[in-house]
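So this one's input-v2.txt, compact mmCIF, C-alpha atoms:
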```
# COMPACT_ATOMS: atom_id res chain seq x y z
CA MET F 58 0.00 0.00 0.00
CA LEU F 59 1.27 3.46 -0.83
CA THR F 60 1.66 5.68 2.19
CA LYS F 61 0.25 9.21 2.25
CA ARG F 62 2.89 11.78 1.44
CA VAL F 63 3.88 14.97 3.24
CA ILE F 64 5.57 17.46 0.94
CA PRO F 65 7.18 20.70 2.09
CA CYS F 66 7.10 23.41 -0.56
CA LEU F 67 9.86 25.92 -1.09
CA ASP F 68 8.88 29.05 -3.01
CA ILE F 69 12.17 30.48 -4.16
CA ARG F 70 13.13 33.85 -5.57
CA ASP F 71 16.71 34.85 -6.32
CA GLY F 72 18.14 31.93 -4.36
CA ARG F 73 16.08 32.44 -1.17
CA ILE F 74 12.85 30.94 0.15
CA VAL F 75 9.95 33.37 0.23
CA LYS F 76 6.39 32.95 1.48
CA GLY F 77 3.27 35.05 1.13
CA THR F 78 -0.50 35.03 1.45
CA SER F 79 -2.74 34.37 -1.58
CA PHE F 80 0.49 34.47 -3.60
CA ALA F 81 1.43 38.08 -2.56
CA ASN F 82 3.29 39.96 0.24
CA LEU F 83 6.38 37.74 -0.05
CA ARG F 84 8.76 37.56 2.90
CA ASP F 85 12.13 35.81 3.34
CA ALA F 86 11.95 32.35 4.89
CA GLY F 87 15.48 30.99 4.66
CA ASP F 88 18.12 29.17 2.62
CA PRO F 89 16.59 26.57 0.30
CA VAL F 90 19.44 24.02 0.40
CA GLU F 91 19.62 24.04 4.20
CA ARG F 92 15.86 23.74 4.48
CA ALA F 93 15.67 20.97 1.87
CA ALA F 94 18.27 18.86 3.70
CA ALA F 95 16.57 19.45 7.03
CA TYR F 96 13.17 18.43 5.65
CA GLU F 97 14.58 15.22 4.17
CA ALA F 98 16.17 14.36 7.53
CA GLN F 99 12.81 14.99 9.24
CA GLY F 100 11.08 12.53 6.93
CA ALA F 101 9.71 14.64 4.07
CA ASP F 102 8.44 12.29 1.35
CA GLU F 103 9.18 14.66 -1.51
CA LEU F 104 9.99 18.31 -2.05
CA VAL F 105 8.34 20.84 -4.31
CA VAL F 106 10.27 23.91 -5.39
CA LEU F 107 8.34 26.71 -7.06
CA ASP F 108 10.37 29.41 -8.72
CA VAL F 109 8.52 32.69 -8.21
CA SER F 110 11.24 34.82 -9.80
CA ALA F 111 9.96 37.42 -12.19
CA THR F 112 13.11 37.93 -14.27
CA PRO F 113 15.40 35.90 -16.57
CA ASP F 114 18.25 36.36 -14.06
CA GLY F 115 16.00 34.92 -11.40
CA ARG F 116 15.21 31.92 -13.61
CA GLU F 117 18.90 31.27 -14.17
CA ALA F 118 19.53 31.49 -10.42
CA ALA F 119 16.73 28.97 -9.85
CA LEU F 120 18.53 26.37 -12.00
CA HIS F 121 21.59 26.69 -9.77
CA THR F 122 19.38 26.40 -6.69
CA VAL F 123 17.85 23.20 -8.10
CA GLU F 124 21.32 21.76 -8.75
CA ALA F 125 22.39 22.58 -5.20
CA ILE F 126 19.24 21.10 -3.66
CA ARG F 127 19.64 17.93 -5.77
CA ARG F 128 23.16 17.42 -4.44
CA ALA F 129 21.84 17.72 -0.88
CA ILE F 130 18.84 15.35 -1.01
CA SER F 131 17.85 11.89 -2.24
CA ILE F 132 14.08 12.16 -2.28
CA PRO F 133 11.91 13.18 -5.24
CA LEU F 134 12.07 16.80 -6.32
CA THR F 135 9.37 18.56 -8.30
CA VAL F 136 10.22 21.95 -9.75
CA GLY F 137 7.75 24.40 -11.25
CA GLY F 138 7.18 28.07 -11.79
CA GLY F 139 7.18 29.81 -15.14
CA VAL F 140 7.73 26.62 -17.18
CA ARG F 141 6.64 27.59 -20.71
CA THR F 142 8.69 25.39 -23.04
CA ILE F 143 9.92 21.85 -23.34
CA ALA F 144 13.47 23.24 -23.34
CA HIS F 145 12.87 24.81 -19.93
CA ALA F 146 11.38 21.54 -18.63
CA ARG F 147 14.41 19.62 -19.89
CA ALA F 148 16.80 22.12 -18.28
CA LEU F 149 15.07 21.63 -14.93
CA LEU F 150 15.27 17.82 -15.24
CA GLU F 151 18.94 18.02 -16.16
CA ALA F 152 19.53 20.29 -13.17
CA GLY F 153 18.11 17.58 -10.92
CA ALA F 154 14.32 17.76 -10.89
CA ASP F 155 12.47 14.42 -11.11
CA LYS F 156 9.16 16.01 -12.07
CA VAL F 157 8.24 19.32 -13.64
CA GLY F 158 5.28 21.43 -12.58
CA VAL F 159 3.37 23.32 -15.26
CA ASN F 160 0.71 25.94 -14.61
CA SER F 161 -0.06 29.20 -16.47
CA ALA F 162 1.61 28.22 -19.74
CA ALA F 163 -0.34 24.94 -19.84
CA VAL F 164 -3.62 26.82 -19.39
CA GLU F 165 -2.68 29.01 -22.34
CA ARG F 166 -1.40 26.06 -24.41
CA PRO F 167 -2.45 22.60 -23.09
CA GLU F 168 -0.24 20.90 -25.73
CA LEU F 169 2.70 21.74 -23.46
CA ILE F 170 1.53 18.96 -21.10
CA THR F 171 1.41 16.44 -23.94
CA GLU F 172 4.80 17.47 -25.28
CA ILE F 173 6.53 16.98 -21.92
CA ALA F 174 4.61 13.74 -21.17
CA GLN F 175 5.49 12.21 -24.54
CA ARG F 176 9.19 13.07 -24.31
CA MET F 177 9.75 12.44 -20.63
CA GLY F 178 6.81 10.36 -19.42
CA ALA F 179 3.50 11.18 -17.72
CA GLN F 180 5.10 10.44 -14.34
CA CYS F 181 7.20 13.54 -14.79
CA VAL F 182 4.42 16.07 -15.45
CA VAL F 183 2.71 17.64 -12.46
CA LEU F 184 -0.17 19.90 -13.41
CA ALA F 185 -0.38 22.74 -10.92
CA ILE F 186 -3.91 24.12 -10.73
CA ASP F 187 -4.59 27.29 -8.78
CA ALA F 188 -8.32 27.42 -8.15
CA ALA F 189 -10.42 30.28 -6.75
CA ARG F 190 -14.02 29.90 -5.61
CA SER F 191 -16.55 31.28 -8.06
CA ALA F 192 -20.33 31.49 -7.90
CA SER F 193 -21.05 27.77 -8.13
CA SER F 194 -17.70 26.09 -8.70
CA TRP F 195 -14.02 27.00 -8.92
CA GLU F 196 -12.24 29.06 -11.50
CA VAL F 197 -8.65 28.56 -12.66
CA VAL F 198 -6.41 31.52 -11.87
CA THR F 199 -2.98 31.98 -13.42
CA ARG F 200 0.04 34.25 -13.27
CA SER F 201 0.30 34.03 -9.48
CA GLY F 202 -3.40 34.66 -9.07
CA THR F 203 -3.48 37.96 -10.98
CA ASN F 204 -5.36 36.50 -13.94
CA ARG F 205 -8.83 34.99 -13.53
CA THR F 206 -9.30 32.80 -16.58
CA GLY F 207 -13.00 31.99 -16.43
CA ILE F 208 -12.04 28.31 -16.96
CA ASP F 209 -13.81 25.81 -14.70
CA ALA F 210 -11.22 24.03 -12.52
CA LEU F 211 -12.95 20.63 -12.78
CA GLU F 212 -13.05 20.76 -16.55
CA TRP F 213 -9.42 21.87 -16.65
CA ALA F 214 -8.33 19.00 -14.40
CA CYS F 215 -9.96 16.49 -16.77
CA THR F 216 -8.43 18.18 -19.82
CA GLY F 217 -5.00 18.24 -18.21
CA VAL F 218 -5.08 14.55 -17.27
CA ALA F 219 -6.30 13.60 -20.76
CA ALA F 220 -3.38 15.65 -22.15
CA GLY F 221 -0.93 13.57 -20.13
CA ALA F 222 -0.51 15.03 -16.63
CA GLY F 223 0.48 12.30 -14.16
CA GLU F 224 -0.37 14.16 -10.97
CA ILE F 225 -2.22 17.30 -9.90
CA LEU F 226 -0.92 19.87 -7.45
CA LEU F 227 -4.16 21.52 -6.37
CA THR F 228 -3.87 24.88 -4.63
CA SER F 229 -6.74 26.83 -3.20
CA PHE F 230 -6.14 30.49 -4.02
CA ASP F 231 -8.62 31.52 -1.34
CA GLU F 232 -7.04 29.51 1.48
CA ASP F 233 -3.34 29.86 0.57
CA GLY F 234 -1.23 31.04 3.50
CA ARG F 235 -4.19 31.53 5.85
CA GLY F 236 -3.78 28.46 8.01
CA ASN F 237 -7.48 27.67 8.24
CA GLY F 238 -7.30 24.33 6.43
CA TYR F 239 -7.58 23.20 2.82
CA ASP F 240 -10.60 23.90 0.65
CA LEU F 241 -11.98 20.40 1.22
CA GLN F 242 -14.87 20.79 -1.19
CA LEU F 243 -12.37 21.59 -3.92
CA ILE F 244 -10.31 18.46 -3.13
CA ARG F 245 -13.46 16.31 -3.12
CA ALA F 246 -14.64 17.76 -6.40
CA ILE F 247 -11.35 17.35 -8.28
CA SER F 248 -10.53 13.89 -6.89
CA GLY F 249 -14.03 12.85 -7.94
CA VAL F 250 -13.42 13.61 -11.61
CA VAL F 251 -9.82 12.47 -12.23
CA ASN F 252 -7.96 9.25 -11.36
CA VAL F 253 -4.45 10.66 -10.88
CA SER F 254 -2.99 11.46 -7.50
CA ILE F 255 -3.86 14.81 -5.95
CA ILE F 256 -1.45 16.89 -3.88
CA ALA F 257 -3.54 19.20 -1.69
CA SER F 258 -2.13 22.66 -1.17
CA GLY F 259 -3.09 25.98 0.36
CA GLY F 260 -4.23 26.64 3.90
CA ALA F 261 -3.10 23.77 6.15
CA SER F 262 -1.53 24.62 9.49
CA THR F 263 -2.30 21.53 11.60
CA ALA F 264 -2.20 17.75 11.32
CA THR F 265 -5.99 17.79 11.62
CA HIS F 266 -6.22 19.91 8.48
CA MET F 267 -4.08 17.34 6.69
CA VAL F 268 -6.12 14.38 7.93
CA ASP F 269 -9.17 16.22 6.56
CA GLY F 270 -7.34 16.70 3.24
CA PHE F 271 -6.56 12.98 2.96
CA GLU F 272 -10.14 12.06 3.84
CA ALA F 273 -11.37 14.44 1.15
CA GLY F 274 -9.35 12.52 -1.45
CA ALA F 275 -5.79 13.85 -1.42
CA ASP F 276 -2.90 11.40 -1.83
CA ALA F 277 -0.36 13.91 -0.61
CA VAL F 278 -0.39 17.16 1.32
CA LEU F 279 1.79 20.14 0.66
CA ALA F 280 2.61 22.86 3.16
CA ALA F 281 5.14 25.64 3.46
CA SER F 282 4.74 28.20 6.26
CA ILE F 283 4.20 25.74 9.10
CA PHE F 284 7.53 24.09 8.33
CA HIS F 285 9.52 27.23 7.45
CA ASP F 286 8.29 29.06 10.55
CA GLY F 287 9.06 26.12 12.82
CA VAL F 288 5.42 25.72 13.91
CA THR F 289 6.03 22.00 13.55
CA SER F 290 8.58 19.65 11.97
CA VAL F 291 7.77 17.12 9.28
CA GLY F 292 8.58 14.35 11.77
CA GLU F 293 6.24 15.69 14.47
CA LEU F 294 3.51 16.16 11.93
CA LYS F 295 3.85 12.60 10.60
CA GLU F 296 3.73 11.24 14.16
CA GLN F 297 0.42 13.06 14.59
CA LEU F 298 -0.86 11.75 11.25
CA ARG F 299 0.10 8.23 12.20
CA ALA F 300 -1.64 8.59 15.56
CA ALA F 301 -4.74 9.70 13.64
CA GLY F 302 -4.64 6.50 11.59
CA VAL F 303 -3.10 7.86 8.38
CA PRO F 304 -0.54 5.45 6.84
CA VAL F 305 2.73 7.39 6.59
CA ARG F 306 6.39 6.48 6.12
CA MET F 307 8.31 7.00 9.37
CA MET F 308 12.09 7.38 9.30
CA GLU F 309 13.71 4.10 10.26
CA VAL F 310 17.14 3.40 11.67
CA GLU F 311 18.71 0.35 10.05
CA PRO F 312 20.47 -2.14 12.32
CA MET W 73 33.24 4.53 -10.26
CA VAL W 74 29.84 3.70 -11.75
CA SER W 75 28.82 4.11 -15.39
CA ILE W 76 25.31 5.25 -16.17
CA VAL W 77 23.72 4.17 -19.44
CA GLN W 78 22.37 7.03 -21.55
CA THR W 79 18.67 6.33 -22.00
CA GLY W 80 17.33 9.62 -23.27
CA VAL W 81 16.49 12.10 -20.55
CA ALA W 82 15.88 9.78 -17.56
CA ASN W 83 16.47 11.42 -14.20
CA ARG W 84 20.20 11.07 -14.60
CA ALA W 85 21.01 14.01 -12.33
CA SER W 86 19.30 12.32 -9.39
CA VAL W 87 21.13 9.03 -10.01
CA ILE W 88 24.50 10.79 -10.27
CA ALA W 89 23.80 12.85 -7.13
CA ALA W 90 22.87 9.73 -5.15
CA PHE W 91 26.11 7.95 -6.04
CA GLU W 92 28.12 11.09 -5.31
CA ARG W 93 26.52 11.24 -1.87
CA CYS W 94 27.86 7.69 -1.38
CA GLY W 95 31.32 8.97 -2.35
CA VAL W 96 31.23 7.23 -5.76
CA GLU W 97 32.07 9.04 -8.97
CA ALA W 98 29.59 8.58 -11.81
CA THR W 99 30.38 8.62 -15.51
CA ARG W 100 28.41 8.00 -18.72
CA ALA W 101 28.16 4.75 -20.63
CA ALA W 102 27.28 5.75 -24.18
CA THR W 103 28.69 2.87 -26.27
CA ALA W 104 28.69 -0.92 -26.28
CA GLY W 105 32.39 -0.76 -25.35
CA ASP W 106 31.55 1.37 -22.29
CA ILE W 107 28.98 -1.22 -21.20
CA GLU W 108 31.48 -4.05 -21.60
CA ALA W 109 34.25 -2.24 -19.70
CA ALA W 110 32.26 -0.69 -16.83
CA PRO W 111 33.05 -2.26 -13.45
CA PHE W 112 29.61 -1.11 -12.25
CA LEU W 113 26.77 -0.28 -14.61
CA VAL W 114 23.47 1.48 -13.93
CA LEU W 115 20.55 1.26 -16.38
CA PRO W 116 18.14 4.02 -15.35
CA GLY W 117 15.09 5.04 -17.31
CA VAL W 118 11.85 6.92 -17.26
CA GLY W 119 9.25 7.13 -20.00
CA SER W 120 7.70 4.36 -22.04
CA PHE W 121 8.94 0.80 -22.67
CA GLY W 122 8.86 1.25 -26.45
CA ALA W 123 10.81 4.51 -26.38
CA GLY W 124 13.33 3.03 -23.94
CA MET W 125 14.05 0.01 -26.15
CA GLU W 126 14.22 2.26 -29.19
CA ALA W 127 16.84 4.43 -27.46
CA LEU W 128 18.93 1.33 -26.58
CA ARG W 129 18.62 -0.02 -30.15
CA ALA W 130 19.49 3.31 -31.75
CA ALA W 131 22.61 3.53 -29.59
CA GLY W 132 23.57 -0.09 -30.42
CA LEU W 133 23.54 -1.13 -26.76
CA VAL W 134 21.10 -4.08 -26.82
CA ASP W 135 23.55 -6.95 -27.34
CA ALA W 136 26.18 -5.52 -24.99
CA LEU W 137 23.60 -5.24 -22.21
CA ARG W 138 22.34 -8.79 -22.77
CA VAL W 139 25.85 -10.24 -22.72
CA ARG W 140 26.85 -8.29 -19.62
CA ILE W 141 23.77 -9.25 -17.60
CA GLU W 142 23.82 -12.92 -18.67
CA ALA W 143 27.47 -13.00 -17.52
CA GLY W 144 26.48 -11.50 -14.16
CA GLY W 145 28.47 -8.26 -14.49
CA PRO W 146 27.53 -5.90 -11.62
CA THR W 147 24.49 -4.07 -12.97
CA LEU W 148 21.71 -2.05 -11.36
CA ALA W 149 18.53 -1.46 -13.38
CA ILE W 150 16.08 1.13 -12.10
CA CYS W 151 12.34 1.56 -12.81
CA LEU W 152 11.91 1.46 -16.60
CA GLY W 153 15.45 0.03 -16.68
CA MET W 154 14.16 -3.01 -14.77
CA GLN W 155 11.23 -3.38 -17.13
CA LEU W 156 13.54 -3.24 -20.16
CA LEU W 157 15.29 -6.39 -18.87
CA CYS W 158 12.00 -8.26 -19.26
CA ALA W 159 10.65 -9.99 -22.36
CA SER W 160 7.82 -7.59 -23.19
CA SER W 161 5.42 -5.01 -21.78
CA GLU W 162 1.70 -4.36 -21.99
CA GLU W 163 2.68 -0.71 -22.35
CA SER W 164 4.19 -1.26 -25.81
CA PRO W 165 2.72 -4.40 -27.41
CA GLY W 166 4.95 -6.01 -30.03
CA VAL W 167 8.16 -4.45 -28.72
CA GLU W 168 10.78 -7.00 -27.70
CA GLY W 169 12.61 -6.27 -24.44
CA LEU W 170 16.14 -7.36 -23.54
CA GLY W 171 14.60 -10.63 -22.35
CA VAL W 172 17.18 -11.48 -19.68
CA ILE W 173 14.31 -11.72 -17.18
CA ASP W 174 11.63 -14.17 -18.29
CA ALA W 175 8.68 -11.97 -17.38
CA MET W 176 5.99 -9.82 -18.93
CA VAL W 177 5.43 -6.29 -17.63
CA GLU W 178 1.77 -5.61 -16.85
CA ALA W 179 -0.39 -2.60 -16.04
CA LEU W 180 -0.78 -2.37 -12.25
CA SER W 181 -4.21 -0.78 -12.54
CA GLN W 182 -6.87 -0.38 -15.21
CA PRO W 183 -6.58 2.05 -16.85
CA ALA W 184 -2.81 2.27 -16.34
CA ARG W 185 -1.80 5.42 -14.47
CA PRO W 186 1.30 6.50 -12.59
CA ARG W 187 1.24 5.36 -8.96
CA PHE W 188 3.45 7.64 -6.93
CA GLY W 189 4.74 7.24 -3.45
CA TRP W 190 6.48 5.26 -0.77
CA ASN W 191 5.67 1.61 -0.36
CA ARG W 192 7.01 -1.09 1.92
CA VAL W 193 9.45 -3.55 0.35
CA VAL W 194 9.97 -7.00 1.89
CA PRO W 195 12.90 -9.15 0.69
CA GLU W 196 12.56 -12.88 0.15
CA PHE W 197 15.30 -15.51 0.41
CA GLY W 198 18.31 -14.59 -1.72
CA CYS W 199 17.38 -10.93 -2.12
CA GLU W 200 18.81 -9.68 1.19
CA VAL W 201 20.69 -6.91 -0.64
CA ILE W 202 17.30 -5.22 -0.32
CA THR W 203 16.48 -4.68 3.34
CA GLU W 204 12.92 -4.31 4.55
CA GLY W 205 11.95 -0.65 4.36
CA PHE W 206 10.15 2.04 2.40
CA ALA W 207 11.03 2.72 -1.23
CA TYR W 208 9.83 5.45 -3.56
CA TYR W 209 7.91 4.29 -6.63
CA ALA W 210 6.65 6.19 -9.69
CA ASN W 211 5.28 3.58 -12.08
CA SER W 212 2.16 2.58 -13.97
CA PHE W 213 3.42 -0.88 -14.97
CA GLY W 214 5.25 -3.67 -13.18
CA VAL W 215 6.03 -7.37 -12.90
CA CYS W 216 3.47 -9.36 -10.89
CA GLU W 217 4.81 -12.95 -11.12
CA ARG W 218 8.18 -13.87 -9.61
CA PRO W 219 10.45 -14.75 -12.59
CA ALA W 220 12.35 -18.04 -12.56
CA GLY W 221 15.98 -17.75 -11.53
CA TRP W 222 15.66 -14.41 -9.74
CA ALA W 223 15.33 -13.79 -6.00
CA CYS W 224 12.68 -11.16 -5.30
CA ALA W 225 11.69 -8.42 -2.90
CA MET W 226 7.95 -7.77 -2.92
CA SER W 227 5.63 -4.78 -2.52
CA ALA W 228 1.86 -4.54 -2.85
CA LEU W 229 -0.72 -2.13 -4.20
CA GLU W 230 -4.14 -3.71 -4.64
CA ALA W 231 -2.19 -6.93 -5.30
CA PRO W 232 1.45 -7.95 -4.72
CA PHE W 233 4.07 -7.07 -7.33
CA VAL W 234 7.83 -7.46 -7.65
CA GLY W 235 9.65 -4.51 -6.07
CA ALA W 236 13.13 -5.75 -6.93
CA MET W 237 14.95 -8.80 -8.30
CA ARG W 238 18.45 -10.09 -7.83
CA ARG W 239 20.59 -12.64 -9.64
CA GLY W 240 24.25 -12.59 -8.62
CA ALA W 241 25.49 -9.00 -8.80
CA VAL W 242 22.60 -7.94 -11.04
CA VAL W 243 19.91 -6.03 -9.15
CA ALA W 244 16.78 -4.73 -10.86
CA CYS W 245 14.47 -2.39 -8.90
CA GLN W 246 11.02 -1.20 -9.87
CA PHE W 247 11.41 1.55 -7.26
CA HIS W 248 13.91 4.39 -7.33
CA PRO W 249 16.76 3.73 -4.87
CA GLU W 250 18.25 7.11 -5.76
CA LEU W 251 15.06 8.79 -4.49
CA SER W 252 14.47 6.53 -1.49
CA GLY W 253 16.37 8.58 1.08
CA PRO W 254 19.02 7.05 3.37
CA TRP W 255 17.48 3.57 2.87
CA GLY W 256 18.07 3.86 -0.88
CA LEU W 257 21.63 5.14 -0.52
CA LYS W 258 22.51 2.17 1.71
CA LEU W 259 21.12 -0.14 -0.98
CA LEU W 260 23.41 1.46 -3.59
CA GLN W 261 26.37 0.88 -1.25
CA ARG W 262 25.42 -2.76 -0.63
CA TRP W 263 25.03 -3.40 -4.35
CA MET W 264 28.52 -2.06 -4.97
CA ALA W 265 29.99 -4.07 -2.09
CA MET W 266 28.33 -7.19 -3.51
CA GLY W 267 29.83 -6.44 -6.92
CA VAL W 268 33.31 -6.10 -5.46
CA ALA W 269 32.90 -9.43 -3.69
CA ALA W 270 31.74 -11.07 -6.95
CA CYS W 271 34.83 -9.96 -8.88
```
So, in terms of C-alpha cells, how does the structure I just supplied come out?
Amino acid sequence: MLTKRVIPCLDIRDGRIVKGTSFANLRDAGDPVERAAAYEAQGADELVVLDVSATPDGREAALHTVEAIRRAISIPLTVGGGVRTIAHARALLEAGADKVGVNSAAVERPELITEIAQRMGAQCVVLAIDAARSASSWEVVTRSGTNRTGIDALEWACTGVAAGAGEILLTSFDEDGRGNGYDLQLIRAISGVVNVSIIASGGASTATHMVDGFEAGADAVLAASIFHDGVTSVGELKEQLRAAGVPVRMMEVEP
Amino acid sequence: MVSIVQTGVANRASVIAAFERCGVEATRAATAGDIEAAPFLVLPGVGSFGAGMEALRAAGLVDALRVRIEAGGPTLAICLGMQLLCASSEESPGVEGLGVIDAMVEALSQPARPRFGWNRVVPEFGCEVITEGFAYYANSFGVCERPAGWACAMSALEAPFVGAMRRGAVVACQFHPELSGPWGLKLLQRWMAMGVAAC
C-alpha cells in the first residue's frame, strides 16, 4: 500500500525561500538548500520547489538552486514556476528535478503537457492548478493569481489529465497562506473527476487539516509556512498523522 | 566509479547525485564498449517501454547489455530500466525487451496510471541486498509474477508485485533507490559491495 505523502514546498526567488499570502506579500523564509536537507532528515516524502522569480536572471539562479538542492537530497524533487517550453522543462530535469510542474503556460497552451509527457513520461508532469471559488464552482487563476481565466477548474483538471498530466498539485487560491485548512470541497470535487494522484495545497496549518485533506481525497499534502516558521517539523507532523490512523512512512534506523 | 547508461532524458542528475553522496564518482556509458568495460553499470530510465528500447537499439547497446547481464556483471537497473530487462510489456505491445528476465510487464491498474509514493518492500530468500523498508515508486506498470531464476523483494498495491529482483550481482528495482532517502543510498552501497565481492 502506498503511504500518504507529506511534501514541504519551497517558493524560491533569487536563491532564497519566500512565502506570502494568496500568492502576494512575499517575505524571506530561509536558505533553500539548508531547508531541503533538514526536511529530508525529518522525513519529508518529496519536495516541491516553485520558482517565483519574475526575471530571466532569477530563472537562471533557480537552475543553480535546483542543482544545489539535488546534491543535498535523495528524495523526489518537483520543480515548477514559469515553465513555458519543453526546453525549460528539460533544463530543470537536467539540473536535478524528477518532475516538472506546469501551470499558467499549460492553461494558455495545453499541448505543453502532452509534449513533456510524450518526451519524458507522464510520471514527470505535475499539473499545478490554482483554483479560486466562483459562484457555483471553482475558477482557474494563473500568473500568481493575478489573472482569472473563467475556466472551470474541474473541466481543466480532466483536460489536463487527458493531455498527459500524471499528478495534480491543487492549490486553493482563497485559502493559501491563511492556516485555516484546505478547501476540502475543492479536493473532493477534483478527486471525484480524475484518477491521478492529488497533492492538496493551500491553507493547512495543523495535522488535523491534513487528515481532513486525505479524507477528502488527497494522496499527498503540501505545506510551506508551518515548516519554514518552525510551527512543527515534518517528523512531528507525521507522528500526529500516524496517531490519527493515516498510513505514513516513518524514518527508520537500520540495524 | 559507476557508469550510467544514456537512456534519453531519464532522471540522470538524481542518479549521479545519489552515487556522489555515497562517495562514488559517476560517468556515462554511451557505447557498447563502455557497457562491456564498466566495473559497475546502472541502467536508469523513465518514460515508455517502447521509447526506452528504441533508445537502446538506436545507440547499439542491446547486445552488450544482454551479454553483460547474462554474464552476471555488476548491474543495477532502475524503474523502466528493470522493465527493459523483461521480455515484453503491456505498455508497448509487439516491442521486444532485452529478455534477460523471463517476465511480462503488466499494467498495475486499469486504466494504467502512474502510482506515486512510498511503499514497503519485503525481501525474500536470496534478495537480502534489499532490506525491509520504504522505497519510492513512480510507475504505472510492473512485474506481478516472480520470474524463474531471480530472487525477489515484494511490494503490494491492490495486489502484490515485484519490487526488486536479484541474480548474482545484477539487481533490478522497480522503485527508485536514488530517491528513497538514506534507505536507498545504503542499498546502492550494498550493491557495490556485492559487486566487489563477486569480482
Let me make sure I understand: among W:Leu251, W:Met264, W:Ala179, W:Ile107, which one has the smallest atom-to-atom distance to Phe233 (chain W) if we use all atoms listed in the file?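 Among the listed residues, W:Ala179 lies closest to Phe233 (chain W).
The nearest approach to Val63 (chain F) among the residues W:Glu204, W:Arg138, W:Ser227, W:Trp190, with all atoms listed in the file taken into account, belongs to W:Trp190.
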Contact residues (chain F, partner chain W, 9 Å, only C-alpha atoms) as a JSON list (two decimals) with C-alpha atoms, in the coordinates of the input:
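So the final result, stored in part-v7.json, reads:
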```json
[["chain", "number", "residue", "atom", "x", "y", "z"],
["F", 58, "MET", "CA", 0.00, 0.00, 0.00],
["F", 59, "LEU", "CA", 1.27, 3.46, -0.83],
["F", 60, "THR", "CA", 1.66, 5.68, 2.19],
["F", 61, "LYS", "CA", 0.25, 9.21, 2.25],
["F", 62, "ARG", "CA", 2.89, 11.78, 1.44],
["F", 97, "GLU", "CA", 14.58, 15.22, 4.17],
["F", 98, "ALA", "CA", 16.17, 14.36, 7.53],
["F", 100, "GLY", "CA", 11.08, 12.53, 6.93],
["F", 102, "ASP", "CA", 8.44, 12.29, 1.35],
["F", 103, "GLU", "CA", 9.18, 14.66, -1.51],
["F", 124, "GLU", "CA", 21.32, 21.76, -8.75],
["F", 127, "ARG", "CA", 19.64, 17.93, -5.77],
["F", 128, "ARG", "CA", 23.16, 17.42, -4.44],
["F", 129, "ALA", "CA", 21.84, 17.72, -0.88],
["F", 130, "ILE", "CA", 18.84, 15.35, -1.01],
["F", 131, "SER", "CA", 17.85, 11.89, -2.24],
["F", 132, "ILE", "CA", 14.08, 12.16, -2.28],
["F", 133, "PRO", "CA", 11.91, 13.18, -5.24],
["F", 134, "LEU", "CA", 12.07, 16.80, -6.32],
["F", 147, "ARG", "CA", 14.41, 19.62, -19.89],
["F", 150, "LEU", "CA", 15.27, 17.82, -15.24],
["F", 151, "GLU", "CA", 18.94, 18.02, -16.16],
["F", 152, "ALA", "CA", 19.53, 20.29, -13.17],
["F", 153, "GLY", "CA", 18.11, 17.58, -10.92],
["F", 154, "ALA", "CA", 14.32, 17.76, -10.89],
["F", 155, "ASP", "CA", 12.47, 14.42, -11.11],
["F", 156, "LYS", "CA", 9.16, 16.01, -12.07],
["F", 174, "ALA", "CA", 4.61, 13.74, -21.17],
["F", 175, "GLN", "CA", 5.49, 12.21, -24.54],
["F", 176, "ARG", "CA", 9.19, 13.07, -24.31],
["F", 177, "MET", "CA", 9.75, 12.44, -20.63],
["F", 178, "GLY", "CA", 6.81, 10.36, -19.42],
["F", 179, "ALA", "CA", 3.50, 11.18, -17.72],
["F", 180, "GLN", "CA", 5.10, 10.44, -14.34],
["F", 181, "CYS", "CA", 7.20, 13.54, -14.79],
["F", 223, "GLY", "CA", 0.48, 12.30, -14.16],
["F", 224, "GLU", "CA", -0.37, 14.16, -10.97],
["F", 252, "ASN", "CA", -7.96, 9.25, -11.36],
["F", 253, "VAL", "CA", -4.45, 10.66, -10.88],
["F", 254, "SER", "CA", -2.99, 11.46, -7.50],
["F", 276, "ASP", "CA", -2.90, 11.40, -1.83],
["F", 277, "ALA", "CA", -0.36, 13.91, -0.61],
["F", 305, "VAL", "CA", 2.73, 7.39, 6.59],
["F", 306, "ARG", "CA", 6.39, 6.48, 6.12],
["F", 307, "MET", "CA", 8.31, 7.00, 9.37],
["F", 308, "MET", "CA", 12.09, 7.38, 9.30],
["F", 309, "GLU", "CA", 13.71, 4.10, 10.26],
["F", 310, "VAL", "CA", 17.14, 3.40, 11.67],
["F", 311, "GLU", "CA", 18.71, 0.35, 10.05]]
```
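Coordinates place CA of Trp222 (chain W) at a distance of 22.7 Å from CA of Glu163 (chain W).
Separating CA of Glu212 (chain F) from CA of Ser194 (chain F) is a distance of 10.6 Å.
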Within 9 Å of region 75-77 of chain W using only C-alpha atoms, minus same-chain residues under 4 positions, as number ranges by chain: W: 84, 87-88, 97-103, 106-107, 110-117
Give me the residues within 10 Å of Ala225 (chain W) as a list in words, counting all atoms listed in the file and dropping any in the same chain fewer than 5 places off. Arg192, Val193, Val194, Pro195, Glu196, Phe197, Gly198, Cys199, Glu200, Val201, Ile202, Thr203, Glu204, Arg218, Phe233, Val234, Gly235, Ala236, Met237, Arg238 and Cys245 of chain W
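For the pair CA of Thr265 (chain F) and CA of Arg190 (chain F), the separation is 22.5 Å.
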Residue nearest Lys76 (chain F) - candidates F:Ala148, F:Val109, F:Ala275, F:Val288, atoms counted: all atoms listed in the file: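 Distance minimum relative to Lys76 (chain F) lands on F:Val109.
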Distance cut-off 10 Å, centre (20.1, -18.8, -17.4) in file coordinates, counting only C-alpha atoms: which residues qualify? Return them as JSON, numbers by chain. {"W": [142, 143, 172, 173, 174, 220, 221, 222, 239]}
